[in-house]
Amino acid sequence: MIQMLNERVKSMTVLDISLVKLSAFCFAIIVVKLFPVLLSISYLVLIVLILAFGAMPLYKIWVKK
């Protein structure tokens, strides 16, 4: 299944990827509207989460050859 998904992702353009990001952003807004307590998370925790989730994609794109 992962192999099939990898093949389908290869056919995506920059516009398609941007639209996926935009839809994820809108989904996040809906989640925060439903659970406003999530807004009280400290910025340090959010920065750690961003770094943790973004490390592998950044490594694969910029470091790994």
# chains A, B, ... in the order shown; residues from 1 in each chain; ligands from 1
$ select_by_dssp --residues "range 8-59 of chain A" --states "alpha helix (DSSP H)" --output "number ranges by chain"
A: 8-10, 14-34, 43-58
$ atom_distance --atom1 "CA of Leu5 in chain A" --atom2 "CA of Leu19 in chain A"
17.5 Å
$ atom_distance --atom1 "CA of Ile30 in chain A" --atom2 "CA of Ser42 in chain A"
19.5 Å
